[in-house]
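Engineer: You'll find start_13.txt just under this line, and it carries compact mmCIF, C-alpha atoms and all ligand atoms.
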```txt
# COMPACT_ATOMS: atom_id res chain seq x y z
CA MET P 71 102.23 -38.77 102.95
CA THR P 72 104.18 -37.18 105.77
CA LEU P 73 107.90 -36.87 105.73
CA VAL P 74 109.34 -39.48 108.11
CA LEU P 75 112.86 -38.92 109.44
CA HIS P 76 114.61 -41.89 111.05
CA GLY P 77 117.49 -41.45 113.47
CA VAL P 78 118.80 -41.27 117.01
CA PRO P 79 117.55 -38.09 118.72
CA GLY P 80 120.53 -35.95 119.70
CA SER P 81 122.57 -36.90 116.64
CA PRO P 82 123.61 -33.90 114.51
CA TYR P 83 122.84 -36.06 111.48
CA LEU P 84 119.19 -36.49 112.45
CA ARG P 85 119.02 -32.83 113.42
CA LYS P 86 119.99 -31.65 109.89
CA PRO P 87 116.84 -32.88 108.13
CA VAL P 88 114.67 -31.98 111.12
CA LEU P 89 116.06 -28.43 111.12
CA THR P 90 115.60 -28.20 107.35
CA ALA P 91 111.96 -29.35 107.63
CA GLU P 92 111.41 -26.79 110.39
CA GLU P 93 112.82 -23.98 108.25
CA LYS P 94 110.65 -25.02 105.30
CA GLY P 95 107.55 -25.37 107.46
CA ALA P 96 107.26 -28.95 106.17
CA PRO P 97 105.23 -31.38 108.30
CA TYR P 98 107.34 -34.31 109.49
CA THR P 99 107.50 -37.07 112.04
CA ILE P 100 110.56 -38.52 113.69
CA ARG P 101 111.05 -42.29 113.87
CA ALA P 102 113.28 -42.30 116.93
CA MET P 103 115.89 -45.05 117.08
CA GLY P 104 118.00 -46.22 120.00
CA PHE P 105 121.81 -46.44 120.02
CA GLY P 106 122.87 -49.39 117.88
CA GLU P 107 119.50 -49.83 116.17
CA ASN P 108 121.13 -48.53 113.01
CA LYS P 109 122.94 -51.86 112.72
CA SER P 110 119.79 -54.01 113.01
CA PRO P 111 118.92 -56.18 110.00
CA GLU P 112 115.68 -54.20 109.54
CA TYR P 113 117.52 -50.87 109.37
CA LEU P 114 120.35 -52.26 107.21
CA ALA P 115 117.71 -53.31 104.71
CA LEU P 116 116.83 -49.60 104.41
CA HIS P 117 120.35 -48.18 104.70
CA PRO P 118 123.09 -50.66 103.73
CA PHE P 119 125.78 -48.53 105.43
CA GLY P 120 123.87 -48.50 108.73
CA LYS P 121 124.13 -44.75 109.25
CA ILE P 122 121.72 -42.07 110.42
CA PRO P 123 119.59 -40.46 108.96
CA PHE P 124 117.10 -42.20 106.68
CA MET P 125 114.05 -40.54 105.11
CA GLU P 126 110.70 -41.65 103.65
CA HIS P 127 108.31 -39.36 101.79
CA ASP P 128 105.41 -40.37 99.56
CA GLY P 129 106.88 -43.85 99.09
CA PHE P 130 110.28 -42.34 98.24
CA GLN P 131 113.14 -43.63 100.39
CA LEU P 132 116.49 -41.88 100.73
CA TYR P 133 119.66 -42.02 102.81
CA GLU P 134 122.68 -39.65 103.08
CA ALA P 135 122.02 -36.41 104.94
CA GLN P 136 123.08 -34.06 102.13
CA ALA P 137 120.76 -35.78 99.66
CA ILE P 138 117.95 -35.65 102.22
CA ILE P 139 118.25 -31.97 103.08
CA ARG P 140 118.57 -31.01 99.40
CA TYR P 141 115.45 -33.09 98.69
CA ILE P 142 113.45 -31.44 101.49
CA ASP P 143 114.49 -28.02 100.23
CA ALA P 144 113.41 -28.83 96.66
CA ALA P 145 110.26 -30.82 97.43
CA PHE P 146 108.53 -28.50 99.90
CA ASP P 147 107.22 -24.96 99.76
CA GLY P 148 108.78 -22.42 102.05
CA PRO P 149 111.90 -20.28 101.79
CA ALA P 150 114.55 -21.51 99.34
CA LEU P 151 117.55 -22.81 101.25
CA THR P 152 119.76 -23.20 98.16
CA PRO P 153 121.05 -20.03 96.49
CA ALA P 154 120.16 -19.53 92.83
CA ASP P 155 123.50 -17.88 92.09
CA PRO P 156 125.98 -20.57 90.92
CA LYS P 157 128.88 -19.23 92.96
CA ALA P 158 126.82 -18.96 96.15
CA MET P 159 125.44 -22.46 95.51
CA ALA P 160 128.97 -23.80 95.08
CA ARG P 161 129.99 -22.12 98.36
CA MET P 162 127.07 -23.83 100.09
CA SER P 163 128.13 -27.21 98.64
CA GLN P 164 131.72 -26.60 99.71
CA VAL P 165 130.67 -25.97 103.32
CA LEU P 166 128.40 -29.03 103.33
CA ASN P 167 131.37 -31.15 102.29
CA ILE P 168 133.73 -29.54 104.82
CA ILE P 169 131.21 -30.44 107.49
CA ASP P 170 130.91 -34.08 106.40
CA TRP P 171 134.56 -34.78 105.68
CA TYR P 172 136.47 -32.69 108.21
CA VAL P 173 134.16 -31.30 110.94
CA MET P 174 132.38 -34.59 111.57
CA PRO P 175 135.53 -36.62 112.41
CA SER P 176 137.23 -33.85 114.40
CA LEU P 177 134.92 -31.40 116.17
CA SER P 178 131.98 -33.81 116.38
CA GLY P 179 133.33 -37.37 116.41
CA GLY P 180 136.58 -36.60 118.24
CA ILE P 181 135.89 -33.70 120.60
CA GLY P 182 132.09 -33.38 120.85
CA PHE P 183 131.33 -37.06 121.18
CA ASN P 184 133.89 -37.60 123.94
CA ARG P 185 133.38 -34.36 125.86
CA ILE P 186 129.58 -33.96 125.56
CA VAL P 187 127.81 -37.17 124.50
CA ALA P 188 129.95 -39.72 126.38
CA PRO P 189 129.36 -38.10 129.82
CA ILE P 190 125.57 -38.04 129.23
CA PHE P 191 125.61 -41.82 128.69
CA GLN P 192 128.31 -42.49 131.29
CA MET P 193 130.58 -43.80 128.56
CA PRO P 194 134.39 -43.69 128.83
CA VAL P 195 136.11 -40.62 127.39
CA ASN P 196 138.78 -41.39 124.79
CA GLU P 197 141.35 -38.69 125.65
CA ALA P 198 143.68 -39.78 122.84
CA ALA P 199 140.88 -39.30 120.29
CA VAL P 200 140.14 -35.83 121.67
CA ALA P 201 143.80 -34.79 121.45
CA ALA P 202 144.15 -36.28 117.95
CA ALA P 203 141.10 -34.33 116.73
CA VAL P 204 142.35 -30.89 117.76
CA PRO P 205 144.59 -30.07 114.74
CA LEU P 206 141.90 -30.91 112.17
CA ALA P 207 139.27 -29.13 114.28
CA ARG P 208 141.46 -26.01 114.26
CA THR P 209 141.83 -26.21 110.46
CA CYS P 210 138.04 -26.57 110.14
CA LEU P 211 137.29 -23.49 112.20
CA ARG P 212 139.88 -21.36 110.39
CA ALA P 213 138.55 -22.53 106.99
CA LEU P 214 134.95 -21.80 107.97
CA GLU P 215 135.96 -18.36 109.25
CA ASP P 216 137.61 -17.62 105.89
CA ILE P 217 134.51 -18.70 103.99
CA LEU P 218 132.14 -16.74 106.24
CA GLY P 219 134.30 -13.64 105.84
CA ARG P 220 132.14 -10.58 106.32
CA ASN P 221 128.93 -12.31 105.21
CA ARG P 222 125.96 -12.98 107.45
CA TYR P 223 125.77 -16.60 106.30
CA PHE P 224 128.17 -19.06 104.67
CA ALA P 225 126.76 -18.63 101.14
CA GLY P 226 126.23 -14.87 101.41
CA ASP P 227 123.38 -12.77 102.78
CA GLN P 228 120.79 -15.56 102.75
CA LEU P 229 120.49 -18.52 105.06
CA SER P 230 121.27 -21.78 103.23
CA LEU P 231 121.57 -25.49 103.91
CA ALA P 232 125.24 -24.83 104.73
CA ASP P 233 124.27 -22.82 107.83
CA LEU P 234 121.75 -25.44 108.90
CA ALA P 235 124.23 -28.30 108.58
CA ALA P 236 127.02 -26.34 110.22
CA VAL P 237 125.04 -25.24 113.27
CA CYS P 238 124.19 -28.88 114.05
CA HIS P 239 127.91 -29.50 114.59
CA LEU P 240 129.13 -26.15 115.87
CA ASP P 241 126.56 -25.07 118.42
CA LEU P 242 128.08 -27.22 121.15
CA VAL P 243 131.67 -26.28 120.36
CA GLN P 244 132.01 -23.95 123.33
CA GLN P 245 130.92 -26.66 125.75
CA SER P 246 134.24 -28.51 125.59
CA PRO P 247 137.49 -26.94 126.82
CA GLU P 248 139.21 -27.77 123.52
CA GLY P 249 136.39 -26.35 121.40
CA ALA P 250 136.06 -23.23 123.56
CA GLU P 251 139.77 -22.53 123.18
CA LEU P 252 139.72 -23.10 119.42
CA ILE P 253 136.72 -20.82 118.80
CA ALA P 254 137.65 -18.07 121.28
CA GLY P 255 137.57 -14.67 119.55
CA SER P 256 136.35 -16.21 116.28
CA PRO P 257 133.95 -14.37 113.95
CA LEU P 258 132.02 -17.66 113.93
CA LEU P 259 130.70 -16.71 117.39
CA ALA P 260 128.59 -13.86 115.93
CA TRP P 261 127.25 -16.29 113.31
CA LEU P 262 126.46 -18.81 116.08
CA ASP P 263 124.58 -16.10 118.03
CA ARG P 264 122.60 -15.23 114.88
CA MET P 265 121.72 -18.90 114.33
CA ALA P 266 120.78 -19.37 118.01
CA GLU P 267 118.03 -16.75 117.60
CA ARG P 268 116.17 -18.95 115.09
CA PRO P 269 113.18 -20.83 116.57
CA SER P 270 114.13 -23.87 114.43
CA VAL P 271 117.58 -24.01 115.99
CA GLN P 272 116.18 -23.61 119.50
CA LYS P 273 113.53 -26.29 118.94
CA THR P 274 116.05 -28.85 117.64
CA ALA P 275 118.79 -28.30 120.22
CA MET P 276 120.53 -31.55 121.11
CA ARG P 277 119.28 -31.76 124.69
CA LYS P 278 115.70 -30.97 123.64
CA MET P 279 115.73 -33.67 120.98
CA MET P 280 117.13 -36.13 123.51
CA GLY P 281 114.30 -35.25 125.89
CA LEU P 282 116.77 -33.95 128.47
CA GLU P 283 115.25 -30.46 128.30
CA ALA P 284 111.62 -29.45 127.90
CA ALA P 285 110.56 -28.55 124.35
CA ALA P 286 109.79 -24.86 123.79
N1 LIG K 301 127.50 -40.11 105.06
C1 LIG K 301 126.46 -40.21 106.07
C2 LIG K 301 127.12 -40.14 107.44
C3 LIG K 301 126.12 -40.07 108.54
C4 LIG K 301 126.74 -40.36 109.89
O1 LIG K 301 127.98 -40.34 110.07
N2 LIG K 301 125.87 -40.66 110.85
C5 LIG K 301 126.30 -40.99 112.17
C6 LIG K 301 125.42 -40.17 113.10
S1 LIG K 301 126.14 -39.40 114.41
C7 LIG K 301 126.04 -42.46 112.45
O2 LIG K 301 125.13 -43.03 111.87
N3 LIG K 301 126.81 -43.06 113.37
C8 LIG K 301 126.53 -44.38 113.85
C9 LIG K 301 127.46 -45.43 113.33
O3 LIG K 301 128.38 -45.12 112.56
O4 LIG K 301 127.24 -46.58 113.72
C10 LIG K 301 125.44 -39.08 105.89
O5 LIG K 301 125.85 -37.96 105.53
O6 LIG K 301 124.23 -39.32 106.07
```
Show me this structure written as structure tokens.
Ligand SMILES: N[C@@H](CCC(=O)N[C@@H](CS)C(=O)NCC(=O)O)C(=O)O
Structural biologist:
Amino acid sequence: MTLVLHGVPGSPYLRKPVLTAEEKGAPYTIRAMGFGENKSPEYLALHPFGKIPFMEHDGFQLYEAQAIIRYIDAAFDGPALTPADPKAMARMSQVLNIIDWYVMPSLSGGIGFNRIVAPIFQMPVNEAAVAAAVPLARTCLRALEDILGRNRYFAGDQLSLADLAAVCHLDLVQQSPEGAELIAGSPLLAWLDRMAERPSVQKTAMRKMMGLEAAA
């Protein structure tokens, strides 16, 4: 049975499993949901926390993005996206957690949502939330720069799930004044350029997934 990925197109959290499936060459379909559908009784029966994404594969149901992308990496053929070396694997896990715990509420939820998503849907911009997110967003970018160091990717020379998760949150960072200022001159920009060359990253860009730009 095909891999079915449920979520709201445009959300970085739907993009993570989609991007992972693209990198693996795994066939998948998207079950596109509208804003708020994640709180419907039908969806809550699948995901009791009412969050995106949710996955089905061969009768196996799973929620939580990290669990889903690790499952896709393990269950499908294609390039390994988890390093075999324990230290590199731990580095990947560290970045995945930094993304979920610190990048999501600051760069994505605070700055990105208000500066990029809200204007698309003509929603009000919460300026206080943007300002409050800046210190943690700065810490995130400095921490990710330290981890990247002189490597090509977060876990070393090989692309891993850490890069895929991170690009879903960071590739719009320059589109807000706050993000652009925080990332100016950062070594993360060269990593972002490298990631932007990947067909998977181009195909799953936020505006393409939202249908606001033609698919490649
Ligand atoms: N711990 C969850 C968090 C996922 C998450 O925060 N998803 C956001 C997507 S942008 C969401 O569902 N937001 C809608 C809401 O909270 O109602 C995971 O990693 O899958």
Engineer: Report the distance between CA of Ile168 (chain P) and CA of Asn108 (chain P) in Å, rounded to one decimal place.
Structural biologist: 24.2 Å
Engineer: Using only C-alpha atoms, tabulate the residues of region 196-255 of chain P lying at most 10 Å from any atom of region 85-99 of chain P, each with its closest atom pair and that distance in Å to one decimal, by chain and increasing residue number, as a Markdown table.
Structural biologist:
```
| residue | atom | partner | partner_atom | distance |
| --- | --- | --- | --- | --- |
| P:Leu229 | CA | P:Glu93 | CA | 9.9 |
| P:Ser230 | CA | P:Thr90 | CA | 9.5 |
| P:Leu231 | CA | P:Thr90 | CA | 7.4 |
| P:Leu234 | CA | P:Lys86 | CA | 6.5 |
| P:Ala235 | CA | P:Lys86 | CA | 5.6 |
| P:Ala236 | CA | P:Lys86 | CA | 8.8 |
| P:Val237 | CA | P:Lys86 | CA | 8.8 |
| P:Cys238 | CA | P:Lys86 | CA | 6.5 |
| P:His239 | CA | P:Lys86 | CA | 9.5 |
```
Engineer: May I have the residues within 6 Å of ligand LIG 301 (chain K), computed using only C-alpha atoms and all ligand atoms, as a PyMOL selection string?
Structural biologist: chain P and resi 81+83+121-123+134-136
Engineer: I'd like the neighbourhood of Tyr113 (chain P) as a list in words, where a residue qualifies if any of its atoms comes within 12 Å (using only C-alpha atoms), though same-chain residues fewer than 3 positions away should be ignored.
Structural biologist: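 My list of contacting residues is His76, Gly77, Arg101, Met103, Gly104, Gly106, Glu107, Asn108, Lys109, Ser110, Leu116, His117, Pro118, Phe119, Gly120, Lys121, Ile122, Pro123, Phe124, Met125 and Tyr133 of chain P.
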Engineer: Find the distance between CA of Ala203 (chain P) and CA of Gln164 (chain P) and write it in Å to one decimal.
Structural biologist: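 CA of Gln164 (chain P) lies 20.9 Å from CA of Ala203 (chain P).
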Engineer: Counting all atoms listed in the file, figure out which residue out of P:Ala158, P:Ala201, P:Leu252, P:Met279 gets nearest to Tyr223 (chain P).
Structural biologist: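 Selected residue with least distance to Tyr223 (chain P): P:Ala158.
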Engineer: Just the number, please: distance in Å from CA of Val204 (chain P) to CA of Met162 (chain P), one decimal.
Structural biologist: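 That distance, rounded to one decimal, is 24.4 Å.
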Engineer: Could you write out as AutoDock Vina command-line options the box around region 78-95 of chain P (axis-aligned, all atoms listed in the file, 4 Å on each side), with centre and edge lengths in Å to one decimal?
Structural biologist:
```
--center_x 115.6 --center_y -32.6 --center_z 112.5 --size_x 24.1 --size_y 25.3 --size_z 22.4
```
Engineer: At a cut-off of 12 Å, using all atoms listed in the file, what residues contact Ser178 (chain P)? Leave out same-chain residues fewer than 6 positions from it and give the result as a tab-separated table (two decimals) with C-alpha atoms, in the frame of the given file.
Structural biologist:
```
chain	number	residue	atom	x	y	z
P	81	SER	CA	122.57	-36.90	116.64
P	82	PRO	CA	123.61	-33.90	114.51
P	83	TYR	CA	122.84	-36.06	111.48
P	169	ILE	CA	131.21	-30.44	107.49
P	170	ASP	CA	130.91	-34.08	106.40
P	171	TRP	CA	134.56	-34.78	105.68
P	172	TYR	CA	136.47	-32.69	108.21
P	184	ASN	CA	133.89	-37.60	123.94
P	185	ARG	CA	133.38	-34.36	125.86
P	186	ILE	CA	129.58	-33.96	125.56
P	187	VAL	CA	127.81	-37.17	124.50
P	188	ALA	CA	129.95	-39.72	126.38
P	199	ALA	CA	140.88	-39.30	120.29
P	200	VAL	CA	140.14	-35.83	121.67
P	203	ALA	CA	141.10	-34.33	116.73
P	204	VAL	CA	142.35	-30.89	117.76
P	206	LEU	CA	141.90	-30.91	112.17
P	207	ALA	CA	139.27	-29.13	114.28
P	210	CYS	CA	138.04	-26.57	110.14
P	236	ALA	CA	127.02	-26.34	110.22
P	237	VAL	CA	125.04	-25.24	113.27
P	238	CYS	CA	124.19	-28.88	114.05
P	239	HIS	CA	127.91	-29.50	114.59
P	240	LEU	CA	129.13	-26.15	115.87
P	241	ASP	CA	126.56	-25.07	118.42
P	242	LEU	CA	128.08	-27.22	121.15
P	243	VAL	CA	131.67	-26.28	120.36
P	245	GLN	CA	130.92	-26.66	125.75
P	246	SER	CA	134.24	-28.51	125.59
P	248	GLU	CA	139.21	-27.77	123.52
P	249	GLY	CA	136.39	-26.35	121.40
```
Engineer: Could you pull the residues within 9 Å of region 255-268 of chain P, counting all atoms listed in the file, minus those fewer than 4 positions along the same chain, as a list of chain:residue names?
Structural biologist: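 Listing them by chain and then by number gives P:Leu211, P:Arg212, P:Leu214, P:Glu215, P:Leu218, P:Gly219, P:Arg220, P:Arg222, P:Tyr223, P:Asp233, P:Leu234, P:Val237, P:Leu240, P:Asp241, P:Glu251, P:Gln272, P:Lys273.
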Engineer: Considering only C-alpha atoms, can you say which of P:Ala145, P:Leu151, P:Leu132, P:Ala213 comes closest to Val173 (chain P)?
Structural biologist: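 Closest residue, counting only C-alpha atoms: P:Ala213.
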Engineer: Restricting the calculation to only C-alpha atoms: of P:Val74, P:Ile139, P:Ala144, P:Leu84, which residue gets closest to Ala275 (chain P)?
Structural biologist: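 The answer is P:Leu84, which sits nearest to Ala275 (chain P).
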Engineer: Between P:Phe224, P:Pro111, P:Ala284, P:Pro205, which has the minimum distance to Pro175 (chain P) (counting all atoms listed in the file)?
Structural biologist: P:Pro205
